[in-house]
Amino acid sequence: MAYGLLKGKKGIIFGALDESSIAWKVAEKAYEEGAEILLTNAPVAMRLGSIKKLAEKCNTEVVSADATNLDDLKNLMETAKSKFGKIDFMLHSIGMSPNIRKNKPYNDLDYDFYNKTLDISAISLHKMLHVAEKTEVLNRGASIVALSYIAAQRIFSKYSDMADAKALLESITRSYGYRLGNSLGARINTVSQSPTKTTAGSGIAGFEEMFNYADKMSPLGNASAEDCADFCVMLFSDFTRKVTMQNLYHDGGFSMVGISDAIIEDYIKK
């Protein structure tokens with residue numbers, strides 16, 4: 001344990017799939033910093049991933065829960081209450097677009113798929129917070145973090161309907177952040193992360209080009225999954241107890257750069 005930044009804190013990590021996922025790194029880092037955690041993912045993700053290995057490493061258990069299903073979420077929160085009493089943090093690291101998986105272009109979306117994208121990737125945050133509030137599982141001053149992407153503000157053509165989902169995710173963060181701030185002194189923030197080589201991210205068409213472009217645009221280079229885990233742990237900690245309703249760019253400076261020397265040099269070479 002390096003510093004014990006989260007010593008005595010307890011939380012739920014949504015979305016760890018395998019060792020490349022940001023949620024996996026956040027769980028490891030939170031545990032290293034002294035937190036007790038509960039892991040959860042959808043049944044299908046649990047079958048495809050290796051989350052039980054992470055549970056063993058973090059001395060915890062995995063509760064199967066579809067984050068779009070209110071009954072599953074209620075069972076999860078009640079399990080957390082029986083295990084911890086109340087919790088101090090949650091990570092929402094959930095995103096999936098059936099349209100992207102099926103290579104449907106943005107101007108020819110399947111609308112049933114579109115609804116699923118929004119439900120899984122954004123509305124699930126609202127449901128998660130709603131059930132957490134109703135079950136009274138959150139401690140006063142709790143911190144909730146959801147992972148976003150700059151496509152919520154700018155066009156990345158291959159990101160398709162996931163961009164809409166991230167914009168909705170950030171809006172829910174503000175709306176629910178206001179309410180939970182008033183009622184519980186709780187805080188909710190989104191982290192707009194660099195393109196990250198996760199199983200989910202790598203499935204987006206043109207991901208490698210997006211990754212390389214962002215890396216060349218960013219004066220500090222792309223933030224890794226491990227870097228993001230450090231940032232999330234800071235947001236869970238008491239050092240950020242007055243930070244809420246923010247979309248925080250964790251992207252090596254990409255969001256502030258118009259064009260970089262590295263990109264100009266690439267054009268000159270061509």
# chains A, B, ... in the order shown; residues from 1 in each chain; ligands from 1
$ closest_atom_pairs --of "stretch 2-87 of chain A" --to "stretch 120-142 of chain A" --cutoff "8 Å" --atoms "only C-alpha atoms" --output "CSV"
residue,atom,partner,partner_atom,distance
A:Ala67,CA,A:Ser124,CA,5.5
A:Thr68,CA,A:Ser124,CA,5.1
A:Leu70,CA,A:Lys127,CA,6.8
A:Leu73,CA,A:Val131,CA,6.6
A:Lys74,CA,A:Val131,CA,6.1
A:Met77,CA,A:Ala132,CA,6.4
A:Glu78,CA,A:Thr135,CA,7.1
A:Ala80,CA,A:Val137,CA,7.5
A:Lys81,CA,A:Val137,CA,6.0
A:Gly85,CA,A:Val137,CA,7.3
A:Lys86,CA,A:Val137,CA,4.8
A:Ile87,CA,A:Leu138,CA,5.2
$ residues_around --residues "stretch 40-49 of chain A" --least-positions-apart "3" --cutoff "9 Å" --atoms "only C-alpha atoms" --output "ChimeraX atom specification"
/A:12-18,52,61-67,76,94
$ residues_around --residues "A:Gly185" --least-positions-apart "4" --cutoff "12 Å" --atoms "only C-alpha atoms" --output "ChimeraX atom specification"
/A:88,138-144,176-181,241-244
$ closest_residue --among "A:Leu248, A:Ala151, A:Ile259, A:Ala27" --to "A:Met210" --atoms "only C-alpha atoms"
A:Ala151
$ residues_around --residues "A:Lys104" --least-positions-apart "4" --cutoff "12 Å" --atoms "only C-alpha atoms" --output "list in words"
Ser97, Pro98, Asn99, Ile100, Asp108, Leu109, Asp110, Tyr111, Phe113, Tyr114, Ser157, Lys158, Tyr159, Ser160, Asp161, Ile204 and Ala205 of chain A
$ atom_distance --atom1 "atom CA of A:Val191" --atom2 "atom CA of A:Val145"
7.1 Å
$ select_by_dssp --residues "stretch 61-158 of chain A" --states "strand (DSSP E)" --output "NGL selection string"
:A and (62-64 or 87-92 or 138-148)
$ residues_around --residues "A:Leu54" --least-positions-apart "2" --cutoff "9 Å" --atoms "only C-alpha atoms" --output "MDAnalysis selection string"
chainID A and resid 16 18:19 24 27:28 39 50:52 56:60
$ write_last_selection --atoms "C-alpha atoms" --output "PDB file, in the first residue's frame"
ATOM      1  CA  ALA A  16     -14.001  -4.211 -15.094  1.00  0.00           C
ATOM      2  CA  ASP A  18     -10.011  -7.671 -18.307  1.00  0.00           C
ATOM      3  CA  GLU A  19      -6.541  -6.366 -17.469  1.00  0.00           C
ATOM      4  CA  TRP A  24      -9.693  -2.993 -13.713  1.00  0.00           C
ATOM      5  CA  ALA A  27      -9.998  -1.363  -8.789  1.00  0.00           C
ATOM      6  CA  GLU A  28      -6.358  -2.365  -8.356  1.00  0.00           C
ATOM      7  CA  LEU A  39     -16.897  -5.530  -8.247  1.00  0.00           C
ATOM      8  CA  SER A  50     -11.699 -12.451 -16.290  1.00  0.00           C
ATOM      9  CA  ILE A  51     -13.132 -10.352 -13.464  1.00  0.00           C
ATOM     10  CA  LYS A  52     -12.965 -13.209 -10.931  1.00  0.00           C
ATOM     11  CA  GLU A  56      -9.122 -12.626  -5.901  1.00  0.00           C
ATOM     12  CA  LYS A  57      -6.377 -10.034  -6.214  1.00  0.00           C
ATOM     13  CA  CYS A  58      -8.476  -7.385  -4.444  1.00  0.00           C
ATOM     14  CA  ASN A  59      -9.797  -9.771  -1.785  1.00  0.00           C
ATOM     15  CA  THR A  60     -13.423  -9.221  -2.706  1.00  0.00           C
TER      16      THR A  60
END
$ atom_distance --atom1 "atom CA of A:Phe156" --atom2 "atom CA of A:Lys269"
24.3 Å
$ closest_residue --among "A:Tyr106, A:Tyr267, A:Tyr249, A:Phe84" --to "A:Met162" --atoms "only C-alpha atoms"
A:Tyr106
